[in-house]
Amino acid sequence: MIRKFKFGLPLLMALMSVALPIGAQEIDFKASGPTVVATGEPFEVVYTLNARPDQFKQPDFSPFELLGGPSTSTSTSVQMIGTQIKQNVTVSYTYYLRANSTGKFEISPAQATIKGKNYVSNVLSVEVVKGSAPASQTQPGSGSSSGEEPESIKGGKDLFAAFLVDKHTVYLGEPVIVTLKIYDRMGLSRLAPPKLPALQGFYKNDIPTPELRQLTRENVNGQIYNTGVIARFILYPQKTGDLTIGSVEFNGAVQRTVTRRSRSWFDFDFDFPTVQEQPVTFRSEPVTIRVKPLPPGQPANFSGTVGDLSMTASIDKPELNTNDALTLRIKLTGKANMKMINPPVVSFPADFDTYAPKTNVLEEYSTEGTTGTVTFEYVAIPRHPGSFTIPPVSFSYFSIQSNEYKTLSSKSFTVNVNKGREDTTITVVSGLSREDVRLLNQDIRYIKRTLPEWNDKKLFLDSKLFILWYIIPLVLFTTVIFVRRKTIRERADVARMRHKRAARLAGKRLKKAEKAMKNQQKDEFYEEILKAVWGYLSDKLMIPLANLSRDNAWQALTERGISDEVKEQLGKIIDTCEFARFAPSGTLPSMKETYDNTVVLMEKIDQNLK
């Protein structure tokens with residue numbers, strides 16, 4: 001009984017799946033055919049449906065001559081999606097036509113009726129050119145087929161390659177779209193990948209180009225060629241004058257029908273045709289690009305960018321404490337060589353410590369050029385409280401569309417800096433903003449008319465105290481400079497600063513957790529314990545908090561020699577806090593026990609990670 005059920009269950013599921021409803025199928029009705037044909041040349045037009053039509057009506061093919069058709073074919077496939085079985089049907093109608101006159105013509109849509117609804121195909125556009133004799137593919141020969149290597153031939157007007165450029169005269173830095181294309185009327189059957197020339201004086205961005213698998217018919221000056229794109233790229237000229245794109249050599253093979261004479265076993269001589277591949281070589285012609293210098297009148301902050309751009313600027317917070325980091329983001333978007341754009345100059349207040357900007361570039365390459373964004377992130381740290389203004393940031397470029405220089409400008413930003421909890425020991429001297437001595441309602445001081453009374457006492461200028469007044473400020477000034485440079489070096493080492501502050505920040509969060517524990521605030525307690533643990537691990541292991549997980553934290557602890565016992569205890573604390581926050585009804589250790597275990601565990605980790 002069990003065995004029957006085993007084999008009967010799949011059959012039952014299949015029968016049930018057939019009975020399940022299938023979503024309504026979208027009808028796809030399209031026509032396909034060549035875009036270019038020659039007079040007197042037969043060609044095919046195919047209409048394809050993804051459902052069986054109740055009625056099919058062919059279009060009017062005039063002015064083309066209908067040679068035959070329709071030739072109908074049907075294919076069916078079955079696809080299983082989950083527990084549903086879907087049947088795919090493809091029905092095609094093929095017609096054979098011939099063009100007798102030149103010009104551009106349209107074939108009207110075909111019509112089909114499916115389940116009472118009418119559908120129409122797309123319109124076909126066909127260009128007819130005057131027919132000409134195709135390149136000869138027959139080569140006479142004699143003797144038996146003895147495996148002799150055929151001679152290599154050279155391409156000509158029936159087989160060639162060319163660099164197509166969208167412009168031959170550009171400004172310095174203006175992009176040039178280049179397409180390397182082959183043209184064939186000899187029956188090219190094989191083509192080796194070419195070696196592109198060295199592009200001296202250009203900066204190059206490759207445009208993604210699909211691998212050439214099939215040639216496309218194209219009308220070239222009244223002749224039909226089979227064409228294909230080998231490569232596309234964008235060139236940015238880096239110097240003025242005449243720059244040359246060198247020629248490219250291609251190696252391939254064409255199929256030729258060769259007539260050979262052979263002697264049979266019965267001493268009868270006869271000729272028979274055979275098809276063989278014959279090596280062929282052909283080259284592209286070099287192309288010269290004339291590069292003009294940019295026009296005069298360049299803005300003072302112009303750094304050579306050519307394109308069309310827009311700019312946005314923002315700060316991450318308008319208010320912060322001293323020694324906290326402020327991030328200013330400048331984002332340029334549009335069409336330009338984004339990788340070559342220099343960061344704009346930002347004038348931060350003198351009380352801010354600044355660092356080199358971080359650059360992030362996103363680019364896309366197409367036949368329209370290079371588009372994308374470049375983002376500059378400036379990090380500045382205020383050292384003193386107060387209200388500060390970051391002046392507008394400007395960026396200048398040469399616009400291709402208007403052939404003139406344009407300057408983009410952001411708004412100014414006001415930043416309020418509050419005094420942090422920790423007093424800074426850094427002294428910033430930014431110049432004097434007030435007069436040392438201001439005299440009101442008088443232009444000179446009072447001049448004493450009587451001479452002072454001199455005595456024989458020792459002058460202050462000759463005393464040791466006067467010498468100390470010179471030495472002490474010099475020592476203090478040297479000490480301040482030394483302390484400032486040391487602090488700047490330490491703050492520039494972000495990893496070291498995070499490592500040093502890990503225990504301090506964790507201690508602050510543990511104090512908050514202790515306060516919540518005394519007030520019996522369980523949610524706040526477990527939340528602060530979690531923040532303390534994860535923040536401590538993030539700073540100690542130098543892993544950004546957004547990317548920190550238990551897996552990579554445990555792996556980093558293992559690499560630093562932390563034992564499995566310590567990691568297991570750490571995992572229990574994290575599980576306890578998460579369980580207390582999201583499932584508080586369970587049995588958990590006391591808050592006091594969790595707090596003490598966390599303190600002890602951080603001390604162990606801190607001793608091993610110093």
# chains A, B, ... in the order shown; residues from 1 in each chain; ligands from 1

$ residues_around --residues "Cys577 in chain A" --least-positions-apart "5" --cutoff "12 Å" --atoms "only C-alpha atoms" --output "short mmCIF file (atom, residue, chain, number, x, y, z; two decimals) with N, CA and C atoms, in the first residue's frame"
data_model
loop_
_atom_site.label_atom_id
_atom_site.label_comp_id
_atom_site.auth_asym_id
_atom_site.auth_seq_id
_atom_site.Cartn_x
_atom_site.Cartn_y
_atom_site.Cartn_z
N ALA A 513 24.38 52.22 31.18
CA ALA A 513 23.72 50.95 31.50
C ALA A 513 23.59 50.77 33.01
N LYS A 522 14.83 48.19 32.16
CA LYS A 522 15.42 47.02 31.49
C LYS A 522 15.73 47.28 30.03
N ASP A 523 14.78 47.86 29.30
CA ASP A 523 15.01 48.08 27.87
C ASP A 523 16.23 48.96 27.65
N GLU A 524 16.32 50.08 28.41
CA GLU A 524 17.47 50.96 28.24
C GLU A 524 18.77 50.27 28.64
N PHE A 525 18.70 49.42 29.69
CA PHE A 525 19.91 48.73 30.14
C PHE A 525 20.46 47.81 29.06
N TYR A 526 19.62 46.93 28.53
CA TYR A 526 20.10 45.96 27.54
C TYR A 526 20.51 46.66 26.23
N GLU A 527 19.83 47.75 25.91
CA GLU A 527 20.20 48.48 24.70
C GLU A 527 21.58 49.11 24.84
N GLU A 528 21.87 49.69 26.02
CA GLU A 528 23.20 50.29 26.23
C GLU A 528 24.29 49.23 26.29
N ILE A 529 24.00 48.06 26.85
CA ILE A 529 24.98 46.97 26.87
C ILE A 529 25.32 46.54 25.45
N LEU A 530 24.28 46.40 24.60
CA LEU A 530 24.52 46.02 23.20
C LEU A 530 25.35 47.09 22.49
N LYS A 531 25.00 48.37 22.69
CA LYS A 531 25.77 49.43 22.05
C LYS A 531 27.21 49.42 22.51
N ALA A 532 27.41 49.16 23.81
CA ALA A 532 28.78 49.13 24.34
C ALA A 532 29.59 48.01 23.71
N VAL A 533 28.98 46.82 23.58
CA VAL A 533 29.70 45.66 23.04
C VAL A 533 30.02 45.87 21.56
N TRP A 534 28.99 46.22 20.78
CA TRP A 534 29.22 46.34 19.33
C TRP A 534 30.11 47.55 19.00
N LEU A 570 31.17 36.17 25.10
CA LEU A 570 30.69 37.38 24.41
C LEU A 570 29.39 37.11 23.67
N GLY A 571 29.30 35.95 23.02
CA GLY A 571 28.07 35.59 22.32
C GLY A 571 26.89 35.43 23.27
N LYS A 572 27.13 34.90 24.47
CA LYS A 572 26.05 34.75 25.43
C LYS A 572 25.52 36.11 25.88
N PHE A 582 13.70 41.61 22.63
CA PHE A 582 12.66 41.16 21.70
C PHE A 582 11.79 40.04 22.28
N ALA A 583 12.21 39.39 23.36
CA ALA A 583 11.38 38.36 23.99
C ALA A 583 11.57 38.45 25.50
N PRO A 584 11.10 39.52 26.13
CA PRO A 584 11.41 39.79 27.53
C PRO A 584 10.76 38.84 28.51
N GLY A 586 11.09 35.61 28.80
CA GLY A 586 11.87 34.42 29.11
C GLY A 586 12.68 34.59 30.39
N LEU A 588 16.02 35.03 32.22
CA LEU A 588 17.29 35.64 31.86
C LEU A 588 18.13 35.86 33.10
N PRO A 589 19.46 35.96 32.92
CA PRO A 589 20.29 36.33 34.07
C PRO A 589 19.91 37.74 34.55
N SER A 590 20.28 38.02 35.79
CA SER A 590 19.97 39.33 36.34
C SER A 590 20.78 40.40 35.62
N MET A 591 20.28 41.66 35.70
CA MET A 591 20.99 42.75 35.06
C MET A 591 22.37 42.94 35.70
N THR A 594 24.71 40.34 34.20
CA THR A 594 25.05 40.70 32.83
C THR A 594 26.05 41.85 32.79
N TYR A 595 25.82 42.85 33.66
CA TYR A 595 26.72 44.01 33.70
C TYR A 595 28.13 43.60 34.12
N THR A 598 29.95 41.65 31.42
CA THR A 598 30.38 42.50 30.32
C THR A 598 31.65 43.26 30.66
#

$ residues_around --residues "range 105-108 of chain A" --least-positions-apart "6" --cutoff "7 Å" --atoms "only C-alpha atoms" --output "tab-separated table (two decimals) with N, CA, C and O atoms, in the first residue's frame"
chain	number	residue	atom	x	y	z
A	59	PRO	N	-0.45	40.41	-45.09
A	59	PRO	CA	-0.56	41.81	-45.54
A	59	PRO	C	-0.43	41.92	-47.06
A	59	PRO	O	-0.14	40.94	-47.76
A	60	ASP	N	-0.59	43.12	-47.55
A	60	ASP	CA	-0.36	43.41	-48.95
A	60	ASP	C	1.14	43.66	-49.14
A	60	ASP	O	1.71	44.59	-48.57
A	61	PHE	N	1.81	42.80	-49.92
A	61	PHE	CA	3.26	42.86	-50.07
A	61	PHE	C	3.71	43.78	-51.20
A	61	PHE	O	4.91	43.86	-51.47
A	123	VAL	N	5.22	47.01	-38.34
A	123	VAL	CA	5.47	47.37	-39.73
A	123	VAL	C	6.94	47.09	-40.05
A	123	VAL	O	7.83	47.36	-39.23
A	124	LEU	N	7.21	46.56	-41.23
A	124	LEU	CA	8.57	46.30	-41.67
A	124	LEU	C	9.01	47.38	-42.66
A	124	LEU	O	8.28	47.69	-43.60
A	125	SER	N	10.19	47.94	-42.45
A	125	SER	CA	10.77	48.91	-43.37
A	125	SER	C	11.91	48.25	-44.12
A	125	SER	O	12.83	47.69	-43.50
A	126	VAL	N	11.86	48.30	-45.46
A	126	VAL	CA	12.85	47.65	-46.30
A	126	VAL	C	13.38	48.68	-47.30
A	126	VAL	O	12.61	49.35	-47.98
A	127	GLU	N	14.71	48.79	-47.35
A	127	GLU	CA	15.35	49.64	-48.34
A	127	GLU	C	15.88	48.78	-49.48
A	127	GLU	O	16.57	47.79	-49.24

$ atom_distance --atom1 "CA of Thr312 in chain A" --atom2 "CA of Asn342 in chain A"
15.7 Å

$ residues_around --residues "Gly386 in chain A" --least-positions-apart "3" --cutoff "8 Å" --atoms "only C-alpha atoms" --output "list in words"
Asn416, Val417 and Asn418 of chain A

$ write_last_selection --atoms "N, CA, C and O atoms" --output "short mmCIF file (atom, residue, chain, number, x, y, z; two decimals), in the first residue's frame"
data_model
loop_
_atom_site.label_atom_id
_atom_site.label_comp_id
_atom_site.auth_asym_id
_atom_site.auth_seq_id
_atom_site.Cartn_x
_atom_site.Cartn_y
_atom_site.Cartn_z
N ASN A 416 27.20 75.42 13.47
CA ASN A 416 27.26 75.79 14.88
C ASN A 416 28.03 74.71 15.64
O ASN A 416 27.63 73.54 15.63
N VAL A 417 29.11 75.12 16.26
CA VAL A 417 29.97 74.18 16.99
C VAL A 417 29.81 74.44 18.48
O VAL A 417 30.06 75.55 18.96
N ASN A 418 29.37 73.40 19.20
CA ASN A 418 29.23 73.47 20.65
C ASN A 418 30.47 72.94 21.32
O ASN A 418 31.20 72.12 20.75
#

$ closest_residue --among "A:Met338, A:Leu320, A:Val89, A:Ile562" --to "Pro175 in chain A" --atoms "only C-alpha atoms"
A:Met338
